[in-house]
$ cat query-v4.pdb   # PDB, C-alpha atoms
ATOM      1  CA  MET A  77      79.630 -50.572  -1.083
ATOM      2  CA  LYS A  78      77.077 -47.937  -2.145
ATOM      3  CA  MET A  79      78.977 -47.348  -5.383
ATOM      4  CA  ILE A  80      79.080 -51.095  -6.112
ATOM      5  CA  LYS A  81      75.355 -51.412  -5.423
ATOM      6  CA  HIS A  82      74.595 -48.394  -7.641
ATOM      7  CA  ASN A  83      76.702 -49.815 -10.465
ATOM      8  CA  SER A  84      74.954 -53.174 -10.134
ATOM      9  CA  TRP A  85      71.550 -51.558 -10.600
ATOM     10  CA  LEU A  86      72.902 -49.579 -13.548
ATOM     11  CA  LEU A  87      74.231 -52.770 -15.117
ATOM     12  CA  LEU A  88      70.866 -54.484 -14.667
ATOM     13  CA  LEU A  89      69.118 -51.519 -16.293
ATOM     14  CA  ILE A  90      71.470 -51.615 -19.287
ATOM     15  CA  MET A  91      70.952 -55.370 -19.640
ATOM     16  CA  ALA A  92      67.169 -54.903 -19.559
ATOM     17  CA  ILE A  93      67.351 -52.242 -22.280
ATOM     18  CA  LEU A  94      69.551 -54.443 -24.453
ATOM     19  CA  ALA A  95      67.185 -57.349 -23.964
ATOM     20  CA  SER A  96      64.317 -55.149 -25.132
ATOM     21  CA  CYS A  97      66.283 -54.145 -28.216
ATOM     22  CA  ASN A  98      66.999 -57.758 -29.096
ATOM     23  CA  SER A  99      63.415 -58.863 -28.489
ATOM     24  CA  ASP A 100      61.531 -60.479 -31.337
ATOM     25  CA  GLY A 101      58.663 -58.075 -30.673
ATOM     26  CA  GLU A 102      54.985 -58.983 -30.517
ATOM     27  CA  TYR A 103      51.823 -58.947 -32.595
ATOM     28  CA  VAL A 104      49.257 -56.272 -31.791
ATOM     29  CA  GLN A 105      45.988 -55.219 -33.361
ATOM     30  CA  ARG A 106      45.698 -51.581 -34.378
ATOM     31  CA  GLY A 107      42.275 -50.665 -35.642
ATOM     32  CA  ASN A 108      41.242 -53.013 -38.417
ATOM     33  CA  THR A 109      44.662 -54.522 -39.039
ATOM     34  CA  MET A 110      47.469 -56.440 -37.352
ATOM     35  CA  CYS A 111      50.990 -55.153 -36.760
ATOM     36  CA  HIS A 112      54.275 -56.539 -35.572
ATOM     37  CA  SER A 113      55.528 -54.240 -32.818
ATOM     38  CA  TYR A 114      59.153 -53.889 -31.688
ATOM     39  CA  TRP A 115      61.296 -51.381 -29.832
ATOM     40  CA  THR A 116      64.372 -49.542 -31.143
ATOM     41  CA  PHE A 117      66.863 -47.153 -29.557
ATOM     42  CA  SER A 118      66.524 -44.603 -32.345
ATOM     43  CA  PHE A 119      62.758 -44.487 -32.855
ATOM     44  CA  GLY A 120      61.187 -46.138 -29.828
ATOM     45  CA  THR A 121      58.269 -48.493 -30.523
ATOM     46  CA  ARG A 122      57.684 -49.276 -34.191
ATOM     47  CA  TYR A 123      54.663 -50.921 -35.810
ATOM     48  CA  ASP A 124      54.990 -52.826 -39.084
ATOM     49  CA  THR A 125      51.659 -53.581 -40.715
ATOM     50  CA  LEU A 126      51.074 -57.142 -41.910
ATOM     51  CA  PRO A 127      50.061 -57.279 -45.593
ATOM     52  CA  GLU A 128      46.842 -58.997 -46.725
ATOM     53  CA  VAL A 129      46.011 -60.047 -43.178
ATOM     54  CA  ASP A 130      42.620 -61.425 -42.140
ATOM     55  CA  VAL A 131      42.190 -60.169 -38.576
ATOM     56  CA  ALA A 132      39.271 -62.467 -37.778
ATOM     57  CA  THR A 133      41.336 -65.636 -38.330
ATOM     58  CA  PHE A 134      44.716 -64.280 -37.230
ATOM     59  CA  LYS A 135      46.701 -66.375 -34.736
ATOM     60  CA  SER A 136      50.246 -65.957 -33.426
ATOM     61  CA  LEU A 137      52.296 -69.069 -32.647
ATOM     62  CA  GLU A 138      55.287 -67.101 -31.349
ATOM     63  CA  ASN A 139      56.069 -63.411 -31.037
ATOM     64  CA  TRP A 140      57.792 -63.715 -34.426
ATOM     65  CA  LEU A 141      55.540 -66.207 -36.250
ATOM     66  CA  ALA A 142      51.836 -66.063 -37.075
ATOM     67  CA  HIS A 143      49.200 -67.006 -39.627
ATOM     68  CA  ASP A 144      45.631 -66.347 -40.719
ATOM     69  CA  LYS A 145      43.394 -68.606 -42.818
ATOM     70  CA  LYS A 146      45.385 -67.926 -45.999
ATOM     71  CA  ASN A 147      48.851 -66.621 -45.144
ATOM     72  CA  VAL A 148      51.914 -67.186 -42.945
ATOM     73  CA  TYR A 149      53.884 -64.263 -41.456
ATOM     74  CA  PHE A 150      57.443 -64.081 -40.180
ATOM     75  CA  LYS A 151      57.282 -60.963 -38.029
ATOM     76  CA  ALA A 152      55.490 -58.624 -40.488
ATOM     77  CA  ARG A 153      56.790 -60.368 -43.597
ATOM     78  CA  LEU A 154      54.455 -62.453 -45.750
ATOM     79  CA  VAL A 155      55.880 -65.935 -46.453
ATOM     80  CA  PRO A 156      54.718 -66.892 -49.956
ATOM     81  CA  GLY A 157      53.727 -70.525 -50.411
ATOM     82  CA  ALA A 158      53.804 -71.465 -46.715
ATOM     83  CA  ASP A 159      50.832 -73.512 -45.490
ATOM     84  CA  PRO A 160      49.068 -71.926 -42.474
ATOM     85  CA  ALA A 161      47.161 -75.093 -41.563
ATOM     86  CA  SER A 162      50.312 -77.127 -40.885
ATOM     87  CA  LEU A 163      52.547 -74.320 -39.590
ATOM     88  CA  LYS A 164      54.840 -75.198 -36.675
ATOM     89  CA  ALA A 165      57.451 -73.049 -34.941
ATOM     90  CA  ASP A 166      60.921 -74.376 -34.241
ATOM     91  CA  LYS A 167      63.496 -72.240 -32.416
ATOM     92  CA  TYR A 168      63.783 -68.687 -33.785
ATOM     93  CA  PRO A 169      64.048 -68.068 -36.704
ATOM     94  CA  LEU A 170      63.313 -71.596 -37.981
ATOM     95  CA  PHE A 171      59.814 -72.906 -38.724
ATOM     96  CA  ARG A 172      58.115 -75.500 -40.925
ATOM     97  CA  ASP A 173      54.916 -76.579 -42.591
ATOM     98  CA  LYS A 174      53.944 -79.946 -44.099
ATOM     99  CA  ASN A 175      56.074 -79.313 -47.193
ATOM    100  CA  ASP A 176      59.209 -77.429 -46.175
ATOM    101  CA  TYR A 177      61.366 -75.723 -43.570
ATOM    102  CA  TYR A 178      61.920 -71.955 -43.563
ATOM    103  CA  TYR A 179      64.765 -69.862 -42.187
ATOM    104  CA  MET A 180      63.317 -66.449 -41.408
ATOM    105  CA  SER A 181      60.997 -66.227 -44.405
ATOM    106  CA  VAL A 182      63.178 -68.119 -46.904
ATOM    107  CA  PRO A 183      62.160 -71.669 -47.934
ATOM    108  CA  LEU A 184      65.005 -74.180 -47.690
ATOM    109  CA  HIS A 185      63.511 -76.571 -50.275
ATOM    110  CA  VAL A 186      64.343 -79.621 -48.188
ATOM    111  CA  THR A 187      64.083 -83.005 -49.869
ATOM    112  CA  HIS A 188      62.090 -84.570 -47.033
ATOM    113  CA  VAL A 189      60.807 -82.632 -44.013
ATOM    114  CA  ASP A 190      60.920 -85.675 -41.737
ATOM    115  CA  ALA A 191      64.618 -86.228 -42.530
ATOM    116  CA  PHE A 192      65.562 -82.632 -41.664
ATOM    117  CA  MET A 193      67.699 -82.186 -38.540
ATOM    118  CA  VAL A 194      69.495 -79.292 -36.883
ATOM    119  CA  LEU A 195      73.196 -80.003 -36.350
ATOM    120  CA  LYS A 196      74.331 -76.812 -34.628
ATOM    121  CA  ARG A 197      72.924 -73.370 -33.996
ATOM    122  CA  ASN A 198      73.340 -70.186 -32.040
ATOM    123  CA  GLU A 199      71.646 -66.790 -32.258
ATOM    124  CA  ASP A 200      73.165 -66.017 -35.667
ATOM    125  CA  ASP A 201      74.097 -69.323 -37.310
ATOM    126  CA  LEU A 202      72.291 -72.515 -38.246
ATOM    127  CA  TRP A 203      73.755 -75.741 -39.631
ATOM    128  CA  ALA A 204      71.297 -78.438 -40.658
ATOM    129  CA  MET A 205      70.920 -81.377 -43.039
ATOM    130  CA  ASP A 206      68.406 -83.771 -44.544
ATOM    131  CA  ASN A 207      68.967 -87.007 -46.448
ATOM    132  CA  ARG A 208      70.469 -85.204 -49.464
ATOM    133  CA  TYR A 209      71.600 -81.658 -48.691
ATOM    134  CA  ALA A 210      73.196 -79.618 -45.925
ATOM    135  CA  TYR A 211      72.130 -76.082 -45.013
ATOM    136  CA  TYR A 212      73.759 -73.001 -43.548
ATOM    137  CA  ASP A 213      71.090 -70.498 -42.499
ATOM    138  CA  SER A 214      68.946 -70.207 -45.655
ATOM    139  CA  LEU A 215      71.732 -71.355 -47.986
ATOM    140  CA  ARG A 216      71.509 -74.916 -49.363
ATOM    141  CA  LEU A 217      74.816 -76.704 -49.975
ATOM    142  CA  ASP A 218      74.083 -78.621 -53.157
ATOM    143  CA  SER A 219      77.594 -80.030 -53.661
ATOM    144  CA  VAL A 220      77.966 -81.553 -50.209
ATOM    145  CA  ASP A 221      78.831 -85.201 -49.534
ATOM    146  CA  ILE A 222      76.075 -85.785 -47.028
ATOM    147  CA  LYS A 223      77.506 -89.095 -45.741
ATOM    148  CA  THR A 224      80.693 -87.436 -44.469
ATOM    149  CA  PHE A 225      79.332 -83.974 -43.654
ATOM    150  CA  LYS A 226      79.944 -82.656 -40.122
ATOM    151  CA  VAL A 227      80.101 -79.306 -38.348
ATOM    152  CA  LYS A 228      83.506 -78.409 -36.873
ATOM    153  CA  ALA A 229      82.872 -74.911 -35.491
ATOM    154  CA  TRP A 230      80.099 -72.321 -35.320
ATOM    155  CA  ASN A 231      81.079 -71.020 -38.776
ATOM    156  CA  THR A 232      82.701 -74.087 -40.346
ATOM    157  CA  ALA A 233      81.732 -77.524 -41.615
ATOM    158  CA  VAL A 234      83.520 -80.147 -43.687
ATOM    159  CA  ASP A 235      82.876 -83.235 -45.764
ATOM    160  CA  SER A 236      85.377 -85.671 -47.264
ATOM    161  CA  LYS A 237      86.403 -83.233 -50.009
ATOM    162  CA  ARG A 238      85.621 -79.653 -48.978
ATOM    163  CA  VAL A 239      85.643 -77.069 -46.218
ATOM    164  CA  TYR A 240      82.543 -74.869 -45.916
ATOM    165  CA  ARG A 241      82.942 -71.517 -44.214
ATOM    166  CA  PHE A 242      79.661 -69.669 -43.589
ATOM    167  CA  GLY A 243      78.115 -72.126 -46.033
ATOM    168  CA  LYS A 244      80.497 -71.423 -48.918
ATOM    169  CA  VAL A 245      83.326 -73.623 -50.174
ATOM    170  CA  LEU A 246      86.755 -72.412 -49.034
ATOM    171  CA  PRO A 247      89.066 -72.974 -52.033
ATOM    172  CA  LEU A 248      92.242 -75.047 -51.523
ATOM    173  CA  ALA A 249      91.330 -76.003 -47.963
ATOM    174  CA  ASP A 250      92.031 -79.579 -46.833
ATOM    175  CA  PRO A 251      89.108 -80.836 -44.705
ATOM    176  CA  ALA A 252      91.209 -83.449 -42.895
ATOM    177  CA  THR A 253      93.631 -80.890 -41.410
ATOM    178  CA  TYR A 254      91.602 -77.650 -41.379
ATOM    179  CA  VAL A 255      91.261 -75.891 -37.996
ATOM    180  CA  GLU A 256      89.936 -72.513 -36.827
ATOM    181  CA  GLN A 257      92.051 -70.321 -34.548
ATOM    182  CA  TRP A 258      91.230 -67.256 -32.498
ATOM    183  CA  HIS A 259      87.449 -67.520 -32.818
ATOM    184  CA  GLY A 260      87.625 -67.969 -36.557
ATOM    185  CA  LEU A 261      89.784 -64.934 -37.346
ATOM    186  CA  TYR A 262      92.659 -67.127 -38.487
ATOM    187  CA  SER A 263      92.435 -70.679 -39.824
ATOM    188  CA  ARG A 264      94.871 -73.132 -41.331
ATOM    189  CA  ASP A 265      95.283 -76.548 -42.880
ATOM    190  CA  LYS A 266      98.429 -78.579 -43.622
ATOM    191  CA  SER A 267      99.779 -75.975 -46.047
ATOM    192  CA  HIS A 268      97.676 -72.767 -46.029
ATOM    193  CA  ILE A 269      96.698 -69.987 -43.622
ATOM    194  CA  TRP A 270      93.638 -67.723 -43.916
ATOM    195  CA  TYR A 271      92.459 -64.539 -42.214
ATOM    196  CA  CYS A 272      88.656 -64.250 -42.171
ATOM    197  CA  GLY A 273      88.538 -66.641 -45.100
ATOM    198  CA  GLU A 274      91.129 -64.759 -47.180
ATOM    199  CA  LEU A 275      94.222 -66.743 -48.128
ATOM    200  CA  LEU A 276      97.457 -65.190 -46.855
ATOM    201  CA  ASP A 277     100.300 -64.869 -49.368
ATOM    202  CA  ASP A 278     103.981 -64.633 -48.467
ATOM    203  CA  VAL A 279     103.526 -66.261 -45.068
ATOM    204  CA  ASP A 280     106.074 -68.644 -43.574
ATOM    205  CA  TYR A 281     103.830 -71.515 -42.587
ATOM    206  CA  ALA A 282     106.308 -73.292 -40.291
ATOM    207  CA  THR A 283     106.832 -70.300 -37.978
ATOM    208  CA  ALA A 284     103.401 -68.635 -38.181
ATOM    209  CA  VAL A 285     101.603 -68.085 -34.852
ATOM    210  CA  ALA A 286      98.210 -66.346 -34.604
ATOM    211  CA  ASP A 287      97.230 -64.122 -31.675
ATOM    212  CA  GLY A 288      94.011 -62.142 -32.079
ATOM    213  CA  ASP A 289      94.271 -59.890 -35.146
ATOM    214  CA  GLU A 290      98.024 -60.480 -35.266
ATOM    215  CA  LEU A 291      99.979 -63.253 -36.943
ATOM    216  CA  ARG A 292     103.743 -63.536 -36.481
ATOM    217  CA  ASP A 293     106.206 -65.484 -38.591
ATOM    218  CA  LYS A 294     109.985 -65.333 -39.040
ATOM    219  CA  LYS A 295     109.563 -62.548 -41.612
ATOM    220  CA  GLY A 296     107.637 -60.219 -39.317
ATOM    221  CA  HIS A 297     103.960 -59.444 -38.743
ATOM    222  CA  PHE A 298     100.539 -59.641 -40.339
ATOM    223  CA  TYR A 299      97.810 -57.416 -38.926
ATOM    224  CA  ARG A 300      94.204 -58.142 -39.875
ATOM    225  CA  GLY A 301      95.386 -60.207 -42.800
ATOM    226  CA  GLU A 302      97.861 -57.671 -44.198
ATOM    227  CA  ARG A 303     101.655 -57.875 -44.067
ATOM    228  CA  VAL A 304     102.963 -54.783 -42.240
ATOM    229  CA  THR A 305     106.433 -53.303 -41.909
ATOM    230  CA  GLU A 306     108.190 -53.028 -38.559
ATOM    231  CA  GLN A 307     107.445 -49.312 -38.488
ATOM    232  CA  GLN A 308     103.764 -49.913 -39.198
ATOM    233  CA  TRP A 309     103.696 -52.564 -36.488
ATOM    234  CA  LYS A 310     105.178 -50.141 -33.934
ATOM    235  CA  GLU A 311     102.536 -47.564 -34.870
ATOM    236  CA  ILE A 312      99.763 -50.133 -34.475
ATOM    237  CA  MET A 313     101.036 -51.069 -31.034
ATOM    238  CA  GLU A 314     101.177 -47.403 -30.002
ATOM    239  CA  GLN A 315      97.610 -46.848 -31.180
ATOM    240  CA  GLU A 316      96.368 -49.863 -29.228
ATOM    241  CA  LYS A 317      98.016 -48.509 -26.064
ATOM    242  CA  ASP A 318      96.020 -45.324 -26.462
TER
END
$ encode --input "query-v4.pdb" --output "structure tokens"
Amino acid sequence: MKMIKHNSWLLLLIMAILASCNSDGEYVQRGNTMCHSYWTFSFGTRYDTLPEVDVATFKSLENWLAHDKKNVYFKARLVPGADPASLKADKYPLFRDKNDYYYMSVPLHVTHVDAFMVLKRNEDDLWAMDNRYAYYDSLRLDSVDIKTFKVKAWNTAVDSKRVYRFGKVLPLADPATYVEQWHGLYSRDKSHIWYCGELLDDVDYATAVADGDELRDKKGHFYRGERVTEQQWKEIMEQEKD
């Protein structure tokens, strides 16, 4: 029981350290300027100085978003063109002003801010749309059919004509039959199979079965998107045992 209790406290300590590392930091004043402070494993606490900041009118909205009377800051980065008077924070790292939405510090150039809506998001990925365009993170999808656009998975969306993987069109993919497998490592439609977005050649579609980094068909094995010989496959299996 003592060992279990000790390990539990150790686990909590590790989780606290990781949480600190992933923190969005905070704004602090150092002398006559403002800094964005954050902690790293390698260098401890770091301080990034905000450029052109007016300390007297400085105000933080979140620990990652702030403004003074003239400028908007994402962490320590100046956001050119953003309006401090109408600045509003969404969920990190999305924010807006009266004219546009911004992902991190990049303007999305939305057609109408009031029509903008978030479709799906997690810590690393954002899918959104307005009345004309769709967006993946800071990338605008200009060719999208907005009337049929929908998000299928954390990294994938479709419209009536195309599949979008991480915001980019996946050539040859059929949106009606496209599915992700094994957390997006493998994917397939009615006639093609991909590994991490790369089309697999020389694969027997009818017998192909994905399992993690492996794909099996009647001809043998693929490993991480590459066809391997039986000898190579045996060596891979031996290495994974070790």
$ closest_residue --input "query-v4.pdb" --among "A:Tyr168, A:Tyr262, A:Phe117, A:Tyr123" --to "Glu274 of chain A" --atoms "only C-alpha atoms"
A:Tyr262
$ closest_atom_pairs --input "query-v4.pdb" --of "segment 264-309 of chain A" --to "segment 240-248 of chain A" --cutoff "10 Å" --atoms "all atoms listed in the file" --output "Markdown table"
| residue | atom | partner | partner_atom | distance |
| --- | --- | --- | --- | --- |
| A:Asp265 | CA | A:Leu248 | CA | 9.3 |
| A:Ser267 | CA | A:Leu248 | CA | 9.4 |
| A:His268 | CA | A:Leu248 | CA | 8.1 |
| A:Trp270 | CA | A:Leu246 | CA | 9.8 |
| A:Cys272 | CA | A:Arg241 | CA | 9.5 |
| A:Gly273 | CA | A:Leu246 | CA | 7.2 |
| A:Glu274 | CA | A:Leu246 | CA | 9.0 |
| A:Leu275 | CA | A:Pro247 | CA | 9.0 |
$ closest_residue --input "query-v4.pdb" --among "A:Asn139, A:Ser162, A:Thr283, A:His297" --to "Lys310 of chain A" --atoms "all atoms listed in the file"
A:His297
$ resolve_selection --input "query-v4.pdb" --expression "the PyMOL selection byres ((chain A and resi 186) around 10)" --output "number ranges by chain"
A: 175-178, 183-185, 187-192, 205-211, 216
$ residues_around --input "query-v4.pdb" --residues "Lys226 of chain A" --least-positions-apart "3" --cutoff "8 Å" --atoms "all atoms listed in the file" --output "PyMOL selection string"
chain A and resi 233-235
$ write_last_selection --input "query-v4.pdb" --atoms "C-alpha atoms" --output "PDB file, keeping the file's coordinate frame"
ATOM      1  CA  ALA A 233      81.732 -77.524 -41.615  1.00  0.00           C
ATOM      2  CA  VAL A 234      83.520 -80.147 -43.687  1.00  0.00           C
ATOM      3  CA  ASP A 235      82.876 -83.235 -45.764  1.00  0.00           C
TER       4      ASP A 235
END
